[in-house]
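Undergrad: So I've got this file, query-v1.tsv, and it contains TSV, C-alpha atoms:
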chain	number	residue	atom	x	y	z
B	1	MET	CA	-35.36	24.27	-9.60
B	2	LEU	CA	-31.69	23.62	-8.96
B	3	LYS	CA	-31.73	20.22	-7.27
B	4	GLN	CA	-29.64	18.33	-4.73
B	5	ARG	CA	-27.34	15.55	-5.92
B	6	THR	CA	-26.32	12.11	-4.69
B	7	LEU	CA	-24.85	8.94	-6.18
B	8	GLN	CA	-26.76	6.59	-8.46
B	9	SER	CA	-25.10	3.49	-6.99
B	10	LEU	CA	-22.50	2.60	-4.40
B	11	THR	CA	-18.78	2.39	-5.12
B	12	LYS	CA	-15.80	1.13	-3.13
B	13	ALA	CA	-12.08	1.79	-2.77
B	14	VAL	CA	-9.22	0.31	-0.76
B	15	GLY	CA	-6.01	2.13	0.18
B	16	VAL	CA	-3.75	3.22	3.00
B	17	GLY	CA	-3.87	6.28	5.22
B	18	LEU	CA	-1.20	8.90	4.50
B	19	HIS	CA	-0.33	9.42	8.15
B	20	SER	CA	-1.46	6.18	9.80
B	21	GLY	CA	-0.23	3.79	7.11
B	22	GLN	CA	-3.30	1.66	7.92
B	23	ARG	CA	-5.20	-0.28	5.27
B	24	VAL	CA	-8.68	1.19	4.94
B	25	GLU	CA	-11.79	0.42	2.91
B	26	LEU	CA	-14.24	3.08	1.75
B	27	THR	CA	-17.80	2.49	0.60
B	28	LEU	CA	-19.53	5.53	-0.90
B	29	ARG	CA	-23.32	5.17	-0.85
B	30	PRO	CA	-26.32	7.22	-2.01
B	31	ALA	CA	-28.21	9.19	0.65
B	32	GLN	CA	-31.68	10.73	0.85
B	33	PRO	CA	-32.26	14.47	0.25
B	34	ASP	CA	-31.16	16.74	3.12
B	35	THR	CA	-28.94	14.02	4.62
B	36	GLY	CA	-25.75	15.92	3.89
B	37	ILE	CA	-22.42	14.13	3.80
B	38	VAL	CA	-21.99	11.63	6.65
B	39	PHE	CA	-18.89	9.61	7.48
B	40	ARG	CA	-19.66	6.33	9.23
B	41	ARG	CA	-17.04	4.40	11.22
B	42	VAL	CA	-18.23	0.87	10.49
B	43	ASP	CA	-15.18	-0.79	12.12
B	44	LEU	CA	-16.31	0.12	15.64
B	45	PRO	CA	-18.35	-2.28	17.83
B	46	LEU	CA	-21.26	0.12	17.38
B	47	PRO	CA	-20.95	2.13	14.12
B	48	VAL	CA	-20.74	5.89	14.69
B	49	ASP	CA	-22.03	8.51	12.25
B	50	ILE	CA	-19.97	11.70	11.87
B	51	PRO	CA	-21.93	14.29	9.86
B	52	ILE	CA	-19.73	16.97	8.36
B	53	SER	CA	-19.94	20.47	9.82
B	54	ALA	CA	-17.54	23.28	10.64
B	55	VAL	CA	-17.86	22.54	14.36
B	56	ALA	CA	-17.25	18.79	13.84
B	57	VAL	CA	-13.63	19.67	12.95
B	58	THR	CA	-11.57	18.86	16.05
B	59	ASP	CA	-7.97	18.79	14.75
B	60	THR	CA	-6.25	20.60	11.90
B	61	ARG	CA	-2.61	19.54	12.27
B	62	LEU	CA	-1.47	18.54	8.74
B	63	ALA	CA	-5.03	17.46	7.83
B	64	SER	CA	-8.67	18.10	8.71
B	65	THR	CA	-10.13	15.75	11.32
B	66	ILE	CA	-13.84	15.44	12.13
B	67	SER	CA	-15.21	13.79	15.27
B	68	ASN	CA	-18.44	12.73	16.94
B	69	ALA	CA	-19.21	10.66	20.04
B	70	GLY	CA	-15.58	9.75	20.58
B	71	ALA	CA	-15.03	8.56	17.00
B	72	LYS	CA	-12.94	10.44	14.46
B	73	VAL	CA	-11.94	10.42	10.81
B	74	PHE	CA	-8.93	12.39	9.63
B	75	THR	CA	-7.49	13.52	6.28
B	76	VAL	CA	-11.00	14.11	4.92
B	77	GLU	CA	-10.10	17.14	2.80
B	78	HIS	CA	-9.26	15.47	-0.54
B	79	LEU	CA	-12.49	13.44	-0.62
B	80	MET	CA	-14.45	16.51	0.49
B	81	SER	CA	-12.80	18.53	-2.27
B	82	ALA	CA	-14.00	16.01	-4.86
B	83	CYS	CA	-17.53	16.26	-3.42
B	84	ALA	CA	-17.36	20.06	-3.64
B	85	GLY	CA	-15.98	20.03	-7.17
B	86	LEU	CA	-18.75	17.69	-8.37
B	87	GLY	CA	-21.53	19.39	-6.38
B	88	LEU	CA	-22.54	16.35	-4.29
B	89	ASP	CA	-24.95	17.19	-1.47
B	90	ASN	CA	-25.89	13.83	0.06
B	91	LEU	CA	-23.58	10.89	0.62
B	92	TYR	CA	-22.78	8.17	3.14
B	93	ILE	CA	-19.10	7.34	3.47
B	94	ASP	CA	-18.55	4.03	5.27
B	95	ILE	CA	-14.96	3.74	6.47
B	96	THR	CA	-13.13	0.87	8.21
B	97	ALA	CA	-10.39	2.90	9.93
B	98	GLU	CA	-9.85	6.40	11.28
B	99	GLU	CA	-8.17	7.87	8.19
B	100	VAL	CA	-9.41	8.36	4.62
B	101	PRO	CA	-7.05	6.57	2.17
B	102	ILE	CA	-4.61	8.87	0.41
B	103	LEU	CA	-4.84	6.96	-2.93
B	104	ASP	CA	-2.71	9.01	-5.37
B	105	GLY	CA	-2.39	12.08	-3.11
B	106	SER	CA	-4.88	14.20	-5.04
B	107	ALA	CA	-8.67	14.28	-5.44
B	108	SER	CA	-8.72	12.69	-8.90
B	109	SER	CA	-9.18	9.10	-7.68
B	110	PHE	CA	-12.18	10.20	-5.61
B	111	VAL	CA	-13.58	12.08	-8.61
B	112	PHE	CA	-13.23	8.91	-10.69
B	113	LEU	CA	-14.98	6.81	-8.02
B	114	LEU	CA	-17.86	9.27	-7.65
B	115	GLN	CA	-18.38	9.73	-11.36
B	116	SER	CA	-18.16	5.98	-11.98
B	117	ALA	CA	-21.01	5.47	-9.50
B	118	GLY	CA	-23.03	8.09	-11.37
B	119	ILE	CA	-24.29	11.42	-10.03
B	120	VAL	CA	-28.05	11.97	-10.05
B	121	GLU	CA	-30.36	14.82	-9.14
B	122	GLN	CA	-32.90	14.53	-6.34
B	123	ASN	CA	-36.31	16.12	-5.98
B	124	ALA	CA	-35.26	18.67	-3.36
B	125	PRO	CA	-33.83	22.20	-3.69
B	126	LYS	CA	-30.06	22.56	-3.47
B	127	ARG	CA	-29.17	24.90	-0.61
B	128	PHE	CA	-26.25	27.30	-0.67
B	129	ILE	CA	-24.65	29.49	1.97
B	130	ARG	CA	-24.42	32.91	0.35
B	131	VAL	CA	-21.88	35.27	1.93
B	132	THR	CA	-23.40	38.75	2.22
B	133	GLN	CA	-20.62	40.61	4.05
B	134	PRO	CA	-16.82	40.25	4.03
B	135	VAL	CA	-15.40	37.94	6.70
B	136	GLU	CA	-11.67	37.65	7.40
B	137	VAL	CA	-9.36	35.89	9.84
B	138	ARG	CA	-5.71	36.84	10.23
B	139	GLU	CA	-2.70	35.73	12.25
B	140	GLY	CA	0.81	37.11	12.73
B	141	ASP	CA	2.32	40.20	11.19
B	142	GLY	CA	5.13	41.21	8.88
B	143	ALA	CA	6.89	38.21	7.35
B	144	ASN	CA	4.78	35.86	9.46
B	145	VAL	CA	1.35	37.10	8.44
B	146	LYS	CA	-1.24	34.70	7.08
B	147	TRP	CA	-4.91	35.26	6.38
B	148	ALA	CA	-8.07	33.94	4.74
B	149	ARG	CA	-11.14	35.84	3.63
B	150	LEU	CA	-14.63	35.39	2.16
B	151	ASP	CA	-16.31	38.12	0.11
B	152	PRO	CA	-19.77	38.29	-1.47
B	153	HIS	CA	-19.77	36.81	-4.98
B	154	HIS	CA	-22.44	35.33	-7.26
B	155	GLY	CA	-20.62	32.06	-7.81
B	156	TYR	CA	-17.61	30.36	-6.27
B	157	LYS	CA	-14.12	31.68	-6.87
B	158	LEU	CA	-10.91	30.87	-5.00
B	159	SER	CA	-7.60	32.75	-4.96
B	160	PHE	CA	-4.60	31.37	-3.09
B	161	GLU	CA	-1.00	32.51	-2.68
B	162	ILE	CA	1.75	30.40	-1.12
B	163	ASP	CA	5.13	31.55	0.16
B	164	PHE	CA	7.60	28.66	0.14
B	165	HIS	CA	11.30	29.45	-0.15
B	166	HIS	CA	12.42	26.39	-2.06
B	167	PRO	CA	13.95	26.22	-5.57
B	168	ALA	CA	11.43	23.68	-6.88
B	169	VAL	CA	8.45	25.69	-5.60
B	170	ASP	CA	9.86	29.12	-6.44
B	171	SER	CA	10.22	28.08	-10.08
B	172	THR	CA	6.46	27.45	-10.33
B	173	GLY	CA	3.49	29.74	-9.79
B	174	GLN	CA	2.99	30.81	-6.19
B	175	ARG	CA	-0.52	32.18	-6.80
B	176	VAL	CA	-3.54	30.78	-8.63
B	177	VAL	CA	-7.14	31.86	-9.14
B	178	PHE	CA	-9.81	29.26	-9.87
B	179	ASP	CA	-13.38	30.20	-10.77
B	180	MET	CA	-16.01	27.44	-10.88
B	181	ASP	CA	-17.87	29.39	-13.59
B	182	THR	CA	-15.00	29.51	-16.07
B	183	GLY	CA	-12.72	26.68	-14.94
B	184	ASN	CA	-13.07	22.91	-14.84
B	185	TYR	CA	-12.40	21.36	-11.43
B	186	VAL	CA	-11.77	17.85	-12.78
B	187	ARG	CA	-9.25	19.12	-15.34
B	188	ASP	CA	-7.71	22.11	-13.56
B	189	ILE	CA	-7.56	21.25	-9.84
B	190	ALA	CA	-8.41	17.63	-8.97
B	191	ARG	CA	-5.09	16.08	-10.06
B	192	ALA	CA	-2.87	18.30	-7.88
B	193	ARG	CA	-1.07	16.14	-5.29
B	194	THR	CA	-0.07	16.80	-1.73
B	195	PHE	CA	3.63	17.57	-1.26
B	196	GLY	CA	6.34	17.33	1.34
B	197	PHE	CA	10.07	17.59	1.98
B	198	THR	CA	12.51	14.77	2.75
B	199	ARG	CA	13.97	16.86	5.59
B	200	ASP	CA	10.59	16.69	7.37
B	201	VAL	CA	9.89	12.98	6.86
B	202	GLU	CA	12.09	11.67	9.69
B	203	MET	CA	10.58	14.11	12.17
B	204	MET	CA	7.03	13.34	11.03
B	205	ARG	CA	7.49	9.57	11.21
B	206	ALA	CA	8.98	9.89	14.70
B	207	ASN	CA	5.68	11.52	15.62
B	208	GLY	CA	3.60	8.79	13.99
B	209	LEU	CA	2.84	10.80	10.85
B	210	ALA	CA	3.39	10.23	7.10
B	211	LEU	CA	3.68	6.47	7.72
B	212	GLY	CA	1.84	5.76	4.45
B	213	GLY	CA	3.46	8.49	2.35
B	214	GLY	CA	5.76	7.97	-0.62
B	215	LEU	CA	6.53	8.92	-4.19
B	216	ASP	CA	3.37	7.18	-5.43
B	217	ASN	CA	1.03	9.43	-3.43
B	218	ALA	CA	2.86	12.74	-2.91
B	219	ILE	CA	5.27	15.15	-4.52
B	220	VAL	CA	8.51	14.70	-2.57
B	221	MET	CA	11.35	17.24	-2.62
B	222	ASP	CA	14.86	17.31	-1.24
B	223	ASP	CA	16.53	20.68	-0.62
B	224	TYR	CA	16.77	21.44	-4.33
B	225	LYS	CA	14.42	19.51	-6.58
B	226	VAL	CA	11.36	17.31	-7.07
B	227	LEU	CA	12.29	13.65	-6.64
B	228	ASN	CA	9.31	12.13	-8.47
B	229	SER	CA	10.50	10.65	-11.76
B	230	ASP	CA	7.36	11.83	-13.58
B	231	GLY	CA	7.75	15.43	-12.40
B	232	LEU	CA	4.73	17.68	-11.89
B	233	ARG	CA	1.20	17.23	-13.24
B	234	TYR	CA	0.65	21.00	-13.48
B	235	ASP	CA	3.26	23.74	-13.80
B	236	ASP	CA	1.75	25.26	-10.65
B	237	GLU	CA	0.79	22.00	-8.91
B	238	PHE	CA	1.90	23.14	-5.44
B	239	VAL	CA	-0.45	26.10	-5.17
B	240	LYS	CA	-3.21	24.22	-7.00
B	241	HIS	CA	-3.09	21.58	-4.28
B	242	LYS	CA	-3.67	24.36	-1.73
B	243	ILE	CA	-6.80	25.33	-3.70
B	244	LEU	CA	-7.85	21.66	-3.68
B	245	ASP	CA	-7.36	21.49	0.10
B	246	ALA	CA	-9.23	24.75	0.65
B	247	MET	CA	-12.22	23.53	-1.36
B	248	GLY	CA	-12.36	20.42	0.83
B	249	ASP	CA	-11.90	22.33	4.08
B	250	LEU	CA	-14.57	24.89	3.18
B	251	TYR	CA	-17.07	22.22	2.11
B	252	LEU	CA	-17.04	20.98	5.70
B	253	ILE	CA	-19.49	23.80	6.42
B	254	GLY	CA	-22.08	21.40	5.03
B	255	LYS	CA	-23.36	23.34	2.01
B	256	PRO	CA	-21.74	24.86	-1.08
B	257	LEU	CA	-20.66	28.47	-0.68
B	258	LEU	CA	-21.59	31.40	-2.88
B	259	ALA	CA	-18.52	33.51	-2.20
B	260	ALA	CA	-15.07	34.60	-3.30
B	261	TYR	CA	-12.40	33.00	-1.11
B	262	SER	CA	-8.91	34.48	-0.98
B	263	ALA	CA	-6.00	33.42	1.17
B	264	PHE	CA	-2.31	33.96	1.81
B	265	ARG	CA	-0.35	31.11	3.45
B	266	SER	CA	-3.57	29.66	4.86
B	267	GLY	CA	-4.04	26.03	5.86
B	268	HIS	CA	-6.52	23.64	7.43
B	269	ALA	CA	-6.61	25.49	10.77
B	270	MET	CA	-7.19	28.93	9.29
B	271	ASN	CA	-9.76	27.64	6.80
B	272	ASN	CA	-11.80	26.17	9.66
B	273	LYS	CA	-11.34	29.33	11.72
B	274	LEU	CA	-12.76	31.28	8.76
B	275	LEU	CA	-15.86	29.04	8.63
B	276	ARG	CA	-16.44	29.42	12.36
B	277	GLU	CA	-16.07	33.20	12.08
B	278	LEU	CA	-18.65	33.24	9.27
B	279	LEU	CA	-21.12	31.13	11.26
B	280	SER	CA	-20.67	33.37	14.33
B	281	ARG	CA	-21.99	36.32	12.28
B	282	PRO	CA	-25.59	35.64	11.21
B	283	ASP	CA	-25.60	39.02	9.44
B	284	ALA	CA	-22.79	37.88	7.11
B	285	TYR	CA	-24.57	35.02	5.34
B	286	GLU	CA	-27.92	33.55	4.32
B	287	VAL	CA	-29.11	30.17	3.08
B	288	VAL	CA	-30.58	30.37	-0.43
B	289	THR	CA	-32.05	28.13	-3.13
B	290	PHE	CA	-32.68	28.69	-6.83
B	291	GLU	CA	-36.25	27.96	-7.92
B	292	ASP	CA	-35.10	28.87	-11.43
B	293	ALA	CA	-31.88	26.97	-12.13
B	294	ARG	CA	-31.07	29.45	-14.90
B	295	LYS	CA	-30.46	32.12	-12.25
B	296	ALA	CA	-27.81	30.03	-10.47
B	297	PRO	CA	-24.11	30.52	-11.25
B	298	PRO	CA	-23.44	28.24	-14.23
B	299	GLY	CA	-20.39	26.58	-12.66
B	300	LEU	CA	-22.52	25.43	-9.73
B	301	ALA	CA	-25.64	24.54	-11.70
B	302	GLN	CA	-24.20	22.20	-14.32
B	303	LEU	CA	-23.30	18.59	-13.59
B	304	ALA	CA	-19.57	18.11	-14.14
B	305	PRO	CA	-18.92	16.12	-17.32
B	306	ALA	CA	-17.64	12.56	-16.90
B	307	TRP	CA	-14.05	11.71	-17.70
Take the structure I supplied and represent it as structure tokens, if you would.
TA:
Amino acid sequence: MLKQRTLQSLTKAVGVGLHSGQRVELTLRPAQPDTGIVFRRVDLPLPVDIPISAVAVTDTRLASTISNAGAKVFTVEHLMSACAGLGLDNLYIDITAEEVPILDGSASSFVFLLQSAGIVEQNAPKRFIRVTQPVEVREGDGANVKWARLDPHHGYKLSFEIDFHHPAVDSTGQRVVFDMDTGNYVRDIARARTFGFTRDVEMMRANGLALGGGLDNAIVMDDYKVLNSDGLRYDDEFVKHKILDAMGDLYLIGKPLLAAYSAFRSGHAMNNKLLRELLSRPDAYEVVTFEDARKAPPGLAQLAPAW
């Protein structure tokens, strides 16, 4: 049987929120089978649990925000991407503020934390959402079109194309395909950092955003070039970060997908819209388990190797 996974022990991290600039502490704790991934606002007078789900997403401006009972946590996508890449099913995430810390701007610090705590199997079947019919959402037309799509696939494959007109981005790959069966999330995707432009920083900060951002946790560009002294971690780091984000956004459905995801100029809002469209069509998906782990897609069955 292909089994659910949780942590062996708890682990902690301290950082600042990308947008809020607030200091925040995270404690990642093991959870029982079938718990799912649950954020817990422990800084409130009465702690509030926020279980992940597609309908718990209440804001998608520049990040994915989840809410419950008046409490919220935003910028969850990088941590969720790490959970997706490592195949974690059950986890409590205690948090002392309303934003997940940005750490280095990628998912690699979260991967390190999770793997350092140890990932163990549990005596319960791992449940997948298998897409059985194509589902697509689309907005705009012509030069303004953007879309995201899920197709049936025995495994998990993601294809993303960006369309930024900027010298530093144009000189790198604008499209990437990542297949969990043949790729390595920790090596190929997890280190890709979020990115932004100096021309947008003043406007964002005037609106209370990007207060914790800087060269140590983002790729920053002026009108011509990357300003980070160490350059890029991948030749195609920009589009790989969009894959990283998409994996985190899609994992908010609450279970790993068996599907091929493809997107053009998509973002947090469209990724969530795609999940809601899938869930609105009971004929387009089914929940499955693998009693024989050998019949599961290898990229989703094997525990990711440690660093």
Undergrad: Go ahead and fit an axis-aligned box to every listed atom of segment 250-253 of chain B plus 3 Å each side, and pass me the centre and edge lengths in Å, one decimal, as lines of an AutoDock Vina configuration file.
TA:
center_x = -17.0
center_y = 22.9
center_z = 4.3
size_x = 10.9
size_y = 9.9
size_z = 10.3
Undergrad: Tell me which protein, DNA and RNA residues are within 10 Å of segment 175-190 of chain B, counting all atoms listed in the file, leaving out same-chain ones fewer than 4 positions away, and put them as a PyMOL selection string.
TA: chain B and resi 78+81-82+84-86+106-112+154-163+234+236-245+247+260-264+297-302+304-307
Undergrad: Pick from B:Leu103, B:Ile129, B:Val76, B:Ile37: nearest to Asn217 of chain B, with only C-alpha atoms counted?
TA: B:Leu103
Undergrad: What separation in Å, quoted to one decimal, exists between atom CA of Asp34 of chain B and atom CA of Gln133 of chain B?
TA: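 Distance reported for this atom pair: 26.1 Å.
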Undergrad: List the spatial neighbours of Leu88 of chain B as an NGL selection string - criterion: any atom at most 12 Å away, only C-alpha atoms, same-chain residues fewer than 6 positions off excluded.
TA: :B and (3-8 or 28-38 or 79-82 or 111 or 114-115 or 118-122 or 126-127 or 251 or 254-256 or 300-304)
Undergrad: Excluding Ala97 of chain B and any residue of its chain fewer than 3 positions from it, enumerate the residues within 9 Å of it, using all atoms listed in the file, and give them as a ChimeraX atom specification.
TA: /B:17,22-25,41-44,73,100
Undergrad: For the residues in that selection, give me C-alpha atoms as an mmCIF file, in the frame of the given file.
TA:
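Saved file selection.cif follows:
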data_model
loop_
_atom_site.group_PDB
_atom_site.id
_atom_site.type_symbol
_atom_site.label_atom_id
_atom_site.label_comp_id
_atom_site.auth_asym_id
_atom_site.auth_seq_id
_atom_site.Cartn_x
_atom_site.Cartn_y
_atom_site.Cartn_z
ATOM 1 C CA GLY B 17 -3.870 6.280 5.220
ATOM 2 C CA GLN B 22 -3.300 1.660 7.920
ATOM 3 C CA ARG B 23 -5.200 -0.280 5.270
ATOM 4 C CA VAL B 24 -8.680 1.190 4.940
ATOM 5 C CA GLU B 25 -11.790 0.420 2.910
ATOM 6 C CA ARG B 41 -17.040 4.400 11.220
ATOM 7 C CA VAL B 42 -18.230 0.870 10.490
ATOM 8 C CA ASP B 43 -15.180 -0.790 12.120
ATOM 9 C CA LEU B 44 -16.310 0.120 15.640
ATOM 10 C CA VAL B 73 -11.940 10.420 10.810
ATOM 11 C CA VAL B 100 -9.410 8.360 4.620
#
Undergrad: So how far away is atom CA of Leu62 of chain B from atom CA of Ala143 of chain B, in Å?
TA: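 About the pair atom CA of Ala143 of chain B and atom CA of Leu62 of chain B: they are 21.4 Å apart.
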Undergrad: For Gly214 of chain B, which residue among B:Arg61, B:Lys295, B:Arg191, B:His19 is the nearest when counting all atoms listed in the file?
TA: B:His19
Undergrad: Provide the atom CA of Leu258 of chain B to atom CA of Glu77 of chain B distance in Å, to one decimal place.
TA: 19.2 Å
Undergrad: Which residue gives the smallest distance to Gly196 of chain B among B:Ile95, B:Gly105, B:Leu250, B:His268, with only C-alpha atoms counted?
TA: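 Going through B:Ile95, B:Gly105, B:Leu250, B:His268 one by one, the smallest distance to Gly196 of chain B is for B:Gly105.
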Undergrad: Nearest to Leu10 of chain B: which of B:Thr60, B:Ser67, B:Ser116, B:Asn228 is it, counting all atoms listed in the file?
TA: B:Ser116
Undergrad: Please tell me which residues are no farther than 9 Å from (10.9, 13.4, 2.7) in the file, counting only C-alpha atoms, and write them as a PyMOL selection string.
TA: chain B and resi 196-202+213-214+220-222
Undergrad: Using all atoms listed in the file, which residues sit within 8 Å of Leu275 of chain B once same-chain residues fewer than 2 positions away are excluded, as a PDB file with C-alpha atoms, keeping the file's coordinate frame?
TA:
ATOM      1  CA  ALA B  54     -17.540  23.280  10.640  1.00  0.00           C
ATOM      2  CA  LEU B 250     -14.570  24.890   3.180  1.00  0.00           C
ATOM      3  CA  ILE B 253     -19.490  23.800   6.420  1.00  0.00           C
ATOM      4  CA  ASN B 271      -9.760  27.640   6.800  1.00  0.00           C
ATOM      5  CA  ASN B 272     -11.800  26.170   9.660  1.00  0.00           C
ATOM      6  CA  LYS B 273     -11.340  29.330  11.720  1.00  0.00           C
ATOM      7  CA  GLU B 277     -16.070  33.200  12.080  1.00  0.00           C
ATOM      8  CA  LEU B 278     -18.650  33.240   9.270  1.00  0.00           C
ATOM      9  CA  LEU B 279     -21.120  31.130  11.260  1.00  0.00           C
TER      10      LEU B 279
END
Undergrad: When you count all atoms listed in the file, which of these residues is closest to Phe164 of chain B: B:Arg233, B:Pro125, B:Asn207, B:Arg265?
TA: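 Distance minimum relative to Phe164 of chain B lands on B:Arg265.
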